[in-house]
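Structure data follow from entry-v5.txt (compact mmCIF, C-alpha atoms):
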```
# COMPACT_ATOMS: atom_id res chain seq x y z
CA MET K 254 4.19 -27.18 -16.67
CA ILE K 255 1.38 -28.79 -14.80
CA PHE K 256 3.69 -29.05 -11.81
CA TYR K 257 4.28 -25.36 -11.88
CA THR K 258 0.61 -24.55 -11.70
CA CYS K 259 0.57 -26.83 -8.68
CA ILE K 260 3.25 -24.76 -7.00
CA ALA K 261 1.25 -21.61 -7.44
CA ASP K 262 -1.48 -23.19 -5.38
CA LEU K 263 0.91 -24.41 -2.74
CA VAL K 264 2.45 -21.02 -2.16
CA MET K 265 0.74 -19.54 0.85
CA ALA K 266 2.84 -16.46 1.56
CA LEU K 267 0.01 -14.33 0.29
CA PRO K 268 -3.60 -15.52 0.20
CA GLN K 269 -5.08 -15.90 -3.26
CA SER K 270 -7.44 -12.98 -2.79
CA LEU K 271 -4.60 -10.56 -2.11
CA ARG K 272 -2.40 -11.48 -5.04
CA SER K 273 -3.82 -9.33 -7.76
CA SER K 274 -5.58 -6.62 -5.84
CA VAL K 275 -5.83 -4.88 -2.49
CA THR K 276 -8.86 -5.04 -0.25
CA PRO K 277 -11.08 -2.09 0.61
CA LEU K 278 -10.00 -2.54 4.23
CA GLU K 279 -6.36 -2.12 3.29
CA LEU K 280 -7.25 1.04 1.40
CA GLU K 281 -9.06 2.22 4.51
CA LEU K 282 -5.95 1.54 6.57
CA ILE K 283 -3.87 3.65 4.20
CA ALA K 284 -6.42 6.46 4.08
CA SER K 285 -6.54 6.53 7.87
CA GLU K 286 -2.98 7.86 7.93
CA GLN K 287 -4.27 11.18 6.60
CA LEU K 288 -4.79 13.99 9.03
CA VAL K 289 -8.14 15.33 10.17
CA GLU K 290 -9.08 18.16 12.42
CA ILE K 291 -10.61 17.32 15.76
CA VAL K 292 -11.92 19.10 18.81
CA PRO K 293 -10.44 17.07 21.65
CA LEU K 294 -12.37 16.41 24.85
CA ILE K 295 -9.27 15.27 26.71
CA SER K 296 -5.93 16.95 26.97
CA MET K 297 -2.73 15.30 25.94
CA GLU K 298 0.81 16.61 25.67
CA LYS K 299 2.61 16.60 22.37
CA THR K 300 3.55 12.99 21.74
CA ALA K 301 5.88 11.37 19.24
CA PHE K 302 4.38 8.57 17.21
CA ILE K 303 5.92 6.53 14.41
CA SER K 304 4.13 8.61 11.78
CA GLY K 305 4.98 11.96 13.39
CA ALA K 306 4.44 14.07 16.47
CA TYR K 307 0.89 15.07 17.32
CA GLY K 308 -0.63 17.36 19.87
CA PRO K 309 -0.71 18.95 22.27
CA LEU K 310 -4.42 18.40 22.67
CA ARG K 311 -6.04 21.13 24.74
CA PRO K 312 -9.82 21.31 24.77
CA PRO K 313 -11.48 23.18 23.18
CA ASN K 314 -8.68 24.03 20.73
CA LYS K 315 -8.69 22.25 17.42
CA SER K 316 -5.85 19.93 16.60
CA ARG K 317 -4.78 17.83 13.61
CA ILE K 318 -4.22 14.12 14.11
CA PRO K 319 -4.34 11.04 11.86
CA LEU K 320 -7.78 9.73 11.05
CA TRP K 321 -7.16 6.39 12.78
CA MET K 322 -6.34 8.22 15.98
CA ALA K 323 -9.39 10.42 15.65
CA THR K 324 -11.59 7.35 15.11
CA ASN K 325 -10.10 5.73 18.16
CA LEU K 326 -10.71 8.74 20.39
CA LYS K 327 -14.14 9.35 18.91
CA GLN K 328 -15.23 5.82 19.75
CA LYS K 329 -14.24 6.48 23.33
CA LYS K 330 -16.12 9.80 23.18
CA LYS K 331 -12.92 11.76 23.72
CA CYS K 332 -13.13 13.99 20.67
CA GLN K 333 -15.32 15.41 17.95
CA ILE K 334 -14.20 15.11 14.37
CA VAL K 335 -14.33 18.23 12.21
CA PRO K 336 -15.26 16.84 8.78
CA PRO K 337 -13.06 18.02 5.90
CA ASP K 338 -14.53 20.81 3.74
CA TRP K 339 -15.41 18.45 0.95
CA LEU K 340 -17.55 16.25 3.19
CA SER K 341 -20.49 18.64 3.09
CA VAL K 342 -23.79 18.88 1.24
CA ASP K 343 -22.76 22.02 -0.68
CA PHE K 344 -19.47 20.68 -1.93
CA LEU K 345 -20.76 17.25 -2.88
CA GLN K 346 -23.86 18.67 -4.56
CA ASP K 347 -21.58 20.88 -6.64
CA ARG K 348 -19.44 17.91 -7.63
CA LEU K 349 -22.50 15.84 -8.44
CA ASN K 350 -23.71 18.59 -10.79
CA GLN K 351 -20.32 18.59 -12.51
CA GLU K 352 -20.34 14.84 -12.65
CA THR K 353 -23.67 14.69 -14.43
CA SER K 354 -23.06 17.63 -16.77
CA GLN K 355 -19.46 16.99 -17.85
CA GLN K 356 -17.67 14.12 -19.45
CA GLU K 357 -14.61 14.14 -17.19
CA PHE K 358 -14.51 12.84 -13.67
CA SER K 359 -14.88 15.70 -11.21
CA ASN K 360 -11.96 16.44 -8.95
CA LEU K 361 -12.30 14.83 -5.54
CA PRO K 362 -9.66 13.85 -2.97
CA PHE K 363 -7.92 10.64 -4.04
CA ARG K 364 -9.11 8.71 -1.00
CA PHE K 365 -12.45 10.43 -0.47
CA THR K 366 -14.52 7.24 -0.40
CA GLU K 367 -12.52 5.66 2.37
CA ILE K 368 -12.31 8.81 4.46
CA ALA K 369 -16.00 9.56 4.05
CA LYS K 370 -16.88 6.03 5.03
CA VAL K 371 -14.74 6.05 8.16
CA ILE K 372 -16.02 9.42 9.31
CA LEU K 373 -19.66 8.62 8.58
CA ASP K 374 -19.32 5.27 10.35
CA VAL K 375 -17.96 6.58 13.62
CA ALA K 376 -18.82 10.24 13.66
CA SER K 377 -22.02 10.78 11.71
CA ASP K 378 -23.18 13.04 14.55
CA ASP K 379 -20.30 15.40 13.73
CA VAL K 380 -21.29 15.64 10.06
CA GLU K 381 -23.93 18.21 9.29
CA ASN K 382 -26.87 16.67 7.48
CA ALA K 383 -25.21 13.25 7.43
CA ASP K 384 -28.08 11.49 5.65
CA LYS K 385 -28.03 13.93 2.77
CA VAL K 386 -24.23 13.60 2.57
CA ARG K 387 -24.59 9.84 2.42
CA SER K 388 -27.10 9.91 -0.39
CA LEU K 389 -24.99 12.42 -2.34
CA LEU K 390 -21.97 10.16 -2.00
CA LYS K 391 -24.04 7.31 -3.30
CA ASP K 392 -25.25 9.33 -6.29
CA LEU K 393 -21.70 10.43 -7.02
CA ARG K 394 -20.55 6.86 -6.91
CA GLU K 395 -23.15 5.76 -9.39
CA ALA K 396 -22.50 8.64 -11.77
CA ARG K 397 -18.77 7.95 -11.69
CA GLN K 398 -19.20 4.22 -12.02
CA ALA K 399 -21.16 4.70 -15.21
CA LYS K 400 -18.33 6.83 -16.57
CA SER K 401 -15.62 4.34 -15.78
CA ARG K 402 -17.64 1.65 -17.52
CA ASP K 403 -17.80 3.90 -20.58
CA GLY K 404 -14.05 4.29 -20.32
CA LEU K 405 -13.73 0.63 -21.20
CA GLN K 406 -14.67 1.48 -24.79
CA LYS K 407 -11.54 3.58 -25.13
CA LEU K 408 -9.29 0.84 -23.81
CA ASP K 409 -6.47 -0.26 -26.08
CA HIS K 410 -3.31 -2.27 -25.52
CA SER K 411 -1.13 0.66 -24.69
CA GLU K 412 -2.52 3.32 -22.36
CA LEU K 413 -5.72 4.65 -20.82
CA THR K 414 -5.77 7.97 -19.01
CA LEU K 415 -8.06 8.01 -16.00
CA SER K 416 -7.59 11.43 -14.46
CA ASN K 417 -9.36 12.14 -11.18
CA LEU K 418 -10.29 8.52 -10.64
CA CYS K 419 -9.99 7.75 -6.94
CA ALA K 420 -8.32 4.87 -5.12
CA MET K 421 -11.45 2.87 -4.37
CA GLU K 422 -12.77 3.22 -7.92
CA ILE K 423 -9.46 2.08 -9.37
CA ASN K 424 -9.53 -0.91 -7.10
CA GLU K 425 -13.03 -1.75 -8.21
CA ILE K 426 -12.30 -1.72 -11.94
CA ARG K 427 -8.83 -3.20 -11.59
CA PRO K 428 -9.43 -6.93 -12.23
CA PHE K 429 -11.54 -6.39 -15.31
CA PHE K 430 -9.51 -3.58 -16.87
CA VAL K 431 -6.17 -5.30 -16.28
CA GLN K 432 -7.44 -8.49 -17.81
CA ALA K 433 -9.00 -6.71 -20.75
CA MET K 434 -5.77 -4.88 -21.48
CA GLY K 435 -3.91 -8.17 -21.24
CA VAL K 436 -6.14 -9.68 -23.89
CA LEU K 437 -5.67 -6.66 -26.16
CA THR K 438 -1.90 -6.90 -25.69
CA GLN K 439 -1.97 -10.53 -26.77
CA LEU K 440 -4.01 -9.66 -29.82
CA VAL K 441 -1.51 -7.10 -31.08
CA ARG K 442 1.50 -9.18 -30.21
CA GLU K 443 0.38 -12.22 -32.16
CA PRO K 444 1.30 -11.07 -35.73
CA THR K 445 4.89 -10.22 -34.79
CA ALA K 446 5.55 -13.45 -32.90
CA GLU K 447 7.60 -16.11 -34.66
CA MET L 266 1.51 -15.60 17.82
CA GLU L 267 2.56 -12.66 19.95
CA ASP L 268 5.80 -14.41 20.79
CA ASP L 269 6.53 -15.09 17.17
CA ASP L 270 6.17 -11.44 16.37
CA ASP L 271 8.42 -10.39 19.17
CA ASN L 272 11.09 -12.78 18.06
CA PHE L 273 10.72 -11.60 14.54
CA PHE L 274 11.16 -7.99 15.46
CA SER L 275 13.93 -8.48 17.93
CA SER L 276 15.85 -10.93 15.80
CA LEU L 277 17.35 -8.05 13.87
CA ASN L 278 19.75 -7.04 16.59
CA ARG L 279 20.09 -3.35 16.15
CA PRO L 280 20.90 -0.71 18.69
CA VAL L 281 17.87 0.75 20.39
CA ASN L 282 17.80 4.50 20.10
CA ASN L 283 16.57 6.66 22.88
CA PHE L 284 13.13 7.00 21.39
CA GLN L 285 11.37 5.98 24.55
CA ASN L 286 13.04 8.89 26.27
CA ARG L 287 11.85 11.18 23.57
CA LEU L 288 8.34 9.89 23.91
CA ARG L 289 8.41 10.32 27.66
CA ASN L 290 9.86 13.76 27.47
CA ALA L 291 7.73 14.87 24.60
CA PRO L 292 6.07 17.75 26.48
CA VAL L 293 9.34 19.57 26.96
CA ASP L 294 10.43 19.04 23.39
CA ASP L 295 8.91 22.26 22.24
CA ASP L 296 12.24 24.04 22.43
CA GLY L 297 12.96 22.32 19.15
CA ASP L 298 16.34 20.72 19.71
CA VAL L 299 14.94 17.25 19.40
CA PRO L 300 14.16 16.36 15.80
CA ILE L 301 10.56 15.29 16.11
CA ARG L 302 8.89 15.58 12.79
CA ASP L 303 5.81 17.72 12.63
CA ALA L 304 2.75 16.15 11.13
CA PRO L 305 2.23 16.84 7.42
CA LEU L 306 -0.76 18.75 6.10
CA PHE L 307 -3.93 16.99 5.06
CA PHE L 308 -3.58 16.88 1.32
CA GLN L 309 0.03 17.70 1.03
CA GLU L 310 1.41 14.97 -1.12
CA ASP L 311 4.79 13.43 -1.67
CA GLU L 312 7.15 16.11 -0.40
CA ASP L 313 8.71 15.20 2.92
CA GLU L 314 7.33 11.71 3.03
CA THR L 315 7.71 10.17 6.47
CA PRO L 316 9.40 6.76 6.62
CA LEU L 317 5.99 5.20 7.21
CA GLN L 318 4.51 6.90 4.15
CA GLN L 319 7.47 5.67 2.15
CA LEU L 320 6.89 2.14 3.33
CA ILE L 321 3.19 2.37 2.45
CA ARG L 322 4.13 3.52 -1.04
CA HIS L 323 6.63 0.69 -1.50
CA TRP L 324 4.13 -1.76 -0.07
CA MET L 325 1.51 -0.77 -2.62
CA ASN L 326 4.07 -0.72 -5.46
CA GLU L 327 5.11 -4.22 -4.50
CA ARG L 328 1.53 -5.41 -4.31
CA HIS L 329 0.67 -4.14 -7.77
CA ALA L 330 3.91 -4.71 -9.67
CA PRO L 331 4.18 -8.06 -11.46
CA ASP L 332 7.97 -8.02 -10.96
CA ILE L 333 9.97 -8.00 -7.72
CA LEU L 334 11.05 -4.47 -6.83
CA PRO L 335 14.35 -3.58 -5.12
CA THR L 336 14.30 -4.38 -1.42
CA GLU L 337 13.86 -1.48 0.98
CA GLU L 338 16.05 -2.94 3.67
CA ASP L 339 17.28 0.30 5.23
CA LEU L 340 13.84 1.80 5.43
CA LEU L 341 12.50 -1.41 6.88
CA SER L 342 15.13 -1.74 9.56
CA ARG L 343 14.67 1.91 10.55
CA LEU L 344 10.95 1.30 10.99
CA LEU L 345 11.54 -1.95 12.85
CA ASP L 346 13.81 -0.09 15.26
CA HIS L 347 11.11 2.47 15.69
CA ILE L 348 8.46 -0.19 16.31
CA ARG L 349 10.66 -1.87 18.89
CA SER L 350 11.48 1.26 20.80
CA GLN L 351 7.83 2.34 20.78
CA SER L 352 6.81 -1.09 22.11
CA GLU L 353 9.40 -0.87 24.83
CA THR L 354 8.15 2.54 25.85
CA VAL L 355 4.63 1.22 26.01
CA GLN L 356 5.75 -1.66 28.21
CA LEU L 357 7.65 0.72 30.44
CA LEU L 358 4.74 3.10 30.86
CA ARG L 359 2.31 0.27 31.40
CA SER L 360 4.26 -1.11 34.31
CA ASP L 361 4.15 2.30 35.93
CA PRO L 362 1.18 2.08 38.34
CA SER L 363 0.98 5.84 38.80
CA SER L 364 0.11 6.55 35.18
CA SER L 365 -2.65 9.08 34.75
CA GLU L 366 -5.68 8.83 32.47
CA GLU L 367 -3.93 10.98 29.92
CA GLU L 368 -0.95 8.67 30.00
CA HIS L 369 -3.34 5.80 29.55
CA PHE L 370 -4.64 7.23 26.27
CA ARG L 371 -1.16 7.85 24.99
CA ILE L 372 -0.21 4.26 25.69
CA MET L 373 -3.33 3.00 23.98
CA LEU L 374 -2.73 5.14 20.88
CA ALA L 375 0.96 4.28 20.67
CA GLN L 376 0.10 0.61 20.89
CA THR L 377 -2.57 0.89 18.22
CA GLU L 378 -0.11 2.53 15.90
CA VAL L 379 2.52 -0.13 16.53
CA GLU L 380 0.00 -2.76 15.49
CA ARG L 381 -0.90 -0.83 12.34
CA VAL L 382 2.72 -0.47 11.30
CA LYS L 383 3.43 -4.13 12.05
CA PHE L 384 0.56 -5.08 9.78
CA ILE L 385 2.02 -3.08 6.91
CA VAL L 386 5.55 -4.43 7.46
CA ARG L 387 4.23 -7.96 7.53
CA SER L 388 2.10 -7.56 4.44
CA TYR L 389 5.02 -5.98 2.58
CA LEU L 390 7.35 -8.85 3.44
CA ARG L 391 4.78 -11.48 2.65
CA THR L 392 4.13 -9.95 -0.74
CA ARG L 393 7.82 -10.22 -1.54
CA LEU L 394 7.95 -13.72 -0.15
CA PHE L 395 5.08 -14.73 -2.41
CA LYS L 396 6.90 -13.42 -5.49
CA ILE L 397 10.21 -14.96 -4.41
CA GLU L 398 8.64 -18.39 -4.12
CA LYS L 399 6.71 -18.00 -7.33
CA TYR L 400 9.78 -16.91 -9.33
CA ALA L 401 12.39 -18.85 -7.33
CA ARG L 402 13.85 -20.61 -10.35
CA PHE L 403 13.85 -17.47 -12.45
CA ILE L 404 15.60 -15.56 -9.67
CA MET L 405 18.32 -18.16 -9.30
CA THR L 406 19.20 -18.02 -12.98
CA ASN L 407 19.15 -14.24 -13.11
CA PRO L 408 21.80 -12.30 -11.16
CA GLU L 409 20.21 -8.96 -12.01
CA VAL L 410 17.06 -9.92 -10.11
CA GLN L 411 19.12 -11.24 -7.20
CA GLN L 412 20.52 -7.76 -6.70
CA ARG L 413 17.04 -6.53 -5.90
CA LEU L 414 16.71 -9.03 -3.06
CA SER L 415 18.11 -8.83 0.42
CA GLU L 416 20.59 -11.48 1.47
CA SER L 417 18.07 -13.55 3.39
CA GLU L 418 15.59 -13.30 0.53
CA THR L 419 18.14 -14.61 -1.99
CA ASP L 420 18.94 -17.37 0.42
CA HIS L 421 15.30 -18.29 0.69
CA ALA L 422 14.89 -18.27 -3.09
CA ARG L 423 17.87 -20.59 -3.46
CA ARG L 424 16.62 -23.07 -0.92
CA PHE L 425 13.08 -22.95 -2.22
CA ALA L 426 14.18 -23.56 -5.81
CA ARG L 427 16.35 -26.47 -4.75
CA LEU L 428 13.63 -27.97 -2.61
CA THR L 429 10.97 -27.90 -5.32
CA ASP L 430 13.41 -29.23 -7.92
CA GLN L 431 14.26 -32.16 -5.69
CA HIS L 432 10.66 -32.79 -4.90
CA PHE L 433 9.69 -32.89 -8.57
CA TYR L 434 12.60 -35.10 -9.38
CA HIS L 435 11.89 -37.63 -6.68
CA SER L 436 8.15 -37.71 -7.07
CA VAL L 437 7.80 -37.73 -10.86
CA LEU L 438 10.67 -36.72 -13.09
CA GLN L 439 13.03 -39.58 -12.27
CA SER L 440 10.63 -42.07 -13.79
CA LEU L 441 10.27 -40.12 -17.04
CA PRO L 442 12.48 -40.54 -20.12
CA ASP L 443 15.66 -38.46 -19.95
CA THR L 444 14.49 -35.94 -22.51
CA GLN L 445 11.48 -35.06 -20.42
CA GLN L 446 13.25 -34.60 -17.13
CA THR L 447 14.24 -30.98 -17.48
CA LEU L 448 12.42 -28.17 -15.76
CA ASP L 449 13.59 -25.31 -17.95
CA ASP L 450 12.37 -26.24 -21.41
CA GLN L 451 11.47 -23.45 -23.74
CA PRO L 452 9.29 -25.25 -26.27
CA PRO L 453 7.97 -23.14 -29.14
CA PHE L 454 4.42 -21.73 -29.00
CA VAL L 455 3.91 -22.39 -25.29
CA PRO L 456 5.12 -20.35 -22.34
CA PRO L 457 8.54 -21.33 -20.96
CA MET L 458 8.58 -23.69 -18.01
CA VAL L 459 10.37 -21.25 -15.75
CA THR L 460 7.78 -18.83 -14.42
CA GLU L 461 8.82 -15.29 -15.20
CA PRO L 462 7.23 -12.03 -14.08
CA GLU L 463 4.65 -10.97 -16.61
CA LYS L 464 5.91 -7.50 -17.34
CA THR L 465 3.27 -6.71 -19.91
CA ARG L 466 0.57 -6.86 -17.26
CA ALA L 467 -1.25 -3.56 -16.95
CA VAL L 468 -0.90 -1.46 -13.81
CA PHE L 469 -2.51 1.75 -12.59
CA VAL L 470 0.10 4.47 -12.15
CA HIS L 471 -0.20 7.78 -10.38
CA ALA L 472 2.40 10.44 -11.20
CA ARG L 473 3.96 11.88 -8.04
CA GLN L 474 5.67 14.61 -10.04
CA ASN L 475 6.05 15.66 -13.65
CA CYS L 476 7.63 12.65 -15.27
CA ALA L 477 10.19 12.04 -17.94
CA PRO L 478 8.54 10.95 -21.20
CA VAL L 479 8.04 7.23 -21.75
CA ARG L 480 7.37 5.25 -24.89
CA LEU L 481 4.08 3.40 -25.05
CA PRO L 482 3.64 -0.02 -26.67
CA ASP L 483 1.83 1.55 -29.64
CA GLY L 484 4.89 3.69 -30.38
CA THR L 485 3.58 7.05 -29.16
CA GLY L 486 5.12 8.94 -26.26
CA LEU L 487 3.53 9.84 -22.95
CA GLU L 488 4.65 12.59 -20.63
CA MET L 489 2.75 12.39 -17.38
CA GLN L 490 2.11 15.54 -15.40
CA LYS L 491 1.92 15.45 -11.64
CA GLY L 492 -1.32 13.85 -10.51
CA HIS L 493 -1.90 12.04 -13.80
CA ILE L 494 -3.44 8.56 -13.50
CA SER L 495 -3.01 5.98 -16.22
CA LEU L 496 -3.56 2.32 -16.92
CA THR L 497 -0.61 1.03 -18.89
CA PRO L 498 1.60 -2.07 -19.16
CA TYR L 499 4.11 -2.41 -16.33
CA ALA L 500 7.09 -2.49 -18.70
CA THR L 501 6.27 1.05 -19.87
CA VAL L 502 6.61 2.63 -16.45
CA GLU L 503 9.19 0.31 -14.90
CA GLN L 504 11.90 2.97 -14.92
CA LEU L 505 9.59 5.65 -13.54
CA ILE L 506 8.69 3.41 -10.60
CA ALA L 507 12.35 2.68 -9.93
CA ARG L 508 13.06 6.42 -9.81
CA GLY L 509 10.07 7.09 -7.60
CA GLU L 510 8.47 9.45 -10.13
CA VAL L 511 5.28 7.44 -10.14
CA GLU L 512 3.57 5.13 -7.69
CA LEU L 513 1.26 2.21 -8.36
CA VAL L 514 -2.27 2.56 -7.08
```

Could you quickly redo this structure as structure tokens?
Amino acid sequence: MIFYTCIADLVMALPQSLRSSVTPLELELIASEQLVEIVPLISMEKTAFISGAYGPLRPPNKSRIPLWMATNLKQKKKCQIVPPDWLSVDFLQDRLNQETSQQEFSNLPFRFTEIAKVILDVASDDVENADKVRSLLKDLREARQAKSRDGLQKLDHSELTLSNLCAMEINEIRPFFVQAMGVLTQLVREPTAE
Amino acid sequence: MEDDDDNFFSSLNRPVNNFQNRLRNAPVDDDGDVPIRDAPLFFQEDEDETPLQQLIRHWMNERHAPDILPTEEDLLSRLLDHIRSQSETVQLLRSDPSSSEEEHFRIMLAQTEVERVKFIVRSYLRTRLFKIEKYARFIMTNPEVQQRLSESETDHARRFARLTDQHFYHSVLQSLPDTQQTLDDQPPFVPPMVTEPEKTRAVFVHARQNCAPVRLPDGTGLEMQKGHISLTPYATVEQLIARGEVELV
């Protein structure tokens, strides 16, 4: 058996850190496939990409392209990103109120953390009142984090419903929750064994 | 590094479709006779998944599932074809000295995307490779699992299992008493020596549609509605994952 634990360490197909979880950067990569609206500053004919056909880009008409493409163009100052409706002070304030007054998680896009981060990183000048948006996101995060910690009390060996939890939050609680459920599973299994 | 990748992608000798022509002629494609897929809406989920979205889903499923999932060979080879033809187009356009600034941006974006997709393909394959090596012995004694592997993956599992067995035998086992030389003991009260996927490990599932009811470990039933997110042991939702009704997140 000792030998087998040795093998686990020898296996290098996937680095240790990636074996039980995904990284925030990988989540960002996935989220960047989603489409955003942009106002292009260059024109481009309709072009076929692996993920689909985008364009034509004709300033100043809006167009929808994947977030990674928008980030790329934005960094070269070739477009402005139109932030999604939910990335605004009004919307986030409303969600924060819900978050602090209700027990359930408020309903936000599944990958809102990643998308908000990417847009605020490269295109904060396109987001109205970006500082306020940032601080609201931070408050939301804290309010929701407290709730997911409370959720741990309800954990049993069989199922835990986590409606409206988003990708990044799941990833954050994953190691602890998975392990905790594993321990609970072992505890119930014991009496029936042998 | 670059060379390795190129070999890797071109080693699957498959016919190159005329994608580069499509890319070049994209502006005149508006008449609609060329099947270029229109981009999906922002929060439209699931329906009409593009091949890339499918691969991303399978990639994440594979990353989170404790067991090895069925190989997605067809999907993978379709995407590899696509990657190759896009790369060729990029090369072609790059060597064209008369390319305009607009062309320049298209090349840059196409190339960026190729790199992104390559990353996902690579990570997906490496995740499987990791599991194959970890469970090599288990796979070789279990034909049902072998069916989920591609031919080259089964081959790798076989050779890896043999190699480690030989290594253990020559380095240690041969000098032990006969009764202690086996590698597949199942002594009571301790885990078996052959590493098996831990199917009771909990996973986070996200329902892509309304799902068929499943039975939870505590005996109650669960019927997930579309959008539902749950933390539950892998064994509970194994069938739902196989049918694509849920995805792991």

Practice problem: Select all residues near (9.7, -27.0, -16.7) (cut-off 7 Å, inclusive, file coordinates), counting all atoms listed in the file, and output them as number ranges by chain. | Solution: K: 254; L: 447-450, 458-459

Practice problem: Pick out the residues sitting within 12 Å of K:Asp409, and hand them over as an MDAnalysis selection string; count all atoms listed in the file, and ignore anything fewer than 5 positions along from it in its own chain. | Solution: (chainID K and resid 404 414 430:441) or (chainID L and resid 467 481:483 496:498)

Practice problem: Would you kindly return, as a PyMOL selection string, each protein, DNA or RNA residue with an atom no farther than 8 Å from any atom of stretch 279-294 of chain K, considering all atoms listed in the file and excluding same-chain residues fewer than 6 positions away? | Solution: (chain K and resi 310-321+323+330-337+364+367-368+371+420-421) or (chain L and resi 305-308+321)

Quiz item: Between K:Gln346, K:Ser359, K:Ser411, K:Thr324, which is the closest to chain L once you count only C-alpha atoms?
Solution: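 Among the listed residues, K:Ser411 lies closest to chain L.
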
Quiz prompt | Residues within 7 Å of stretch 365-376 of chain L, only C-alpha atoms, excluding chain neighbours under 3 positions, as a ChimeraX atom specification | solution = /K:296-297,302,322 /L:355,379-380

Could all heavy atoms be built for stretch 509-514 of chain L and written out as a compact mmCIF listing (two decimals), in the frame of the given file?
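What follows is the written file rebuild-v2.txt:
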```
# COMPACT_ATOMS: atom_id res chain seq x y z
N GLY L 509 11.01 6.49 -8.55
CA GLY L 509 10.07 7.09 -7.60
C GLY L 509 9.24 8.22 -8.19
O GLY L 509 8.57 8.95 -7.46
N GLU L 510 9.24 8.36 -9.52
CA GLU L 510 8.47 9.45 -10.13
C GLU L 510 6.98 9.12 -10.15
O GLU L 510 6.14 10.01 -10.14
CB GLU L 510 8.96 9.72 -11.57
CG GLU L 510 10.36 10.31 -11.60
CD GLU L 510 10.86 10.54 -13.02
OE1 GLU L 510 10.06 10.79 -13.92
OE2 GLU L 510 12.09 10.48 -13.20
N VAL L 511 6.69 7.84 -10.19
CA VAL L 511 5.28 7.44 -10.14
C VAL L 511 5.11 6.40 -9.03
O VAL L 511 6.07 5.80 -8.57
CB VAL L 511 4.80 6.81 -11.47
CG1 VAL L 511 4.87 7.79 -12.60
CG2 VAL L 511 5.61 5.56 -11.79
N GLU L 512 3.87 6.22 -8.62
CA GLU L 512 3.57 5.13 -7.69
C GLU L 512 2.43 4.30 -8.29
O GLU L 512 1.65 4.80 -9.10
CB GLU L 512 3.18 5.67 -6.32
CG GLU L 512 1.93 6.54 -6.35
CD GLU L 512 1.61 7.15 -5.00
OE1 GLU L 512 2.07 6.63 -3.99
OE2 GLU L 512 0.88 8.15 -4.98
N LEU L 513 2.36 3.05 -7.89
CA LEU L 513 1.26 2.21 -8.36
C LEU L 513 0.09 2.33 -7.38
O LEU L 513 0.28 2.37 -6.18
CB LEU L 513 1.73 0.76 -8.47
CG LEU L 513 2.89 0.53 -9.44
CD1 LEU L 513 3.24 -0.95 -9.52
CD2 LEU L 513 2.55 1.05 -10.82
N VAL L 514 -1.09 2.42 -7.95
CA VAL L 514 -2.27 2.56 -7.08
C VAL L 514 -3.34 1.54 -7.45
O VAL L 514 -3.30 0.99 -8.53
CB VAL L 514 -2.89 3.97 -7.16
CG1 VAL L 514 -2.01 4.96 -6.45
CG2 VAL L 514 -3.14 4.40 -8.59
```
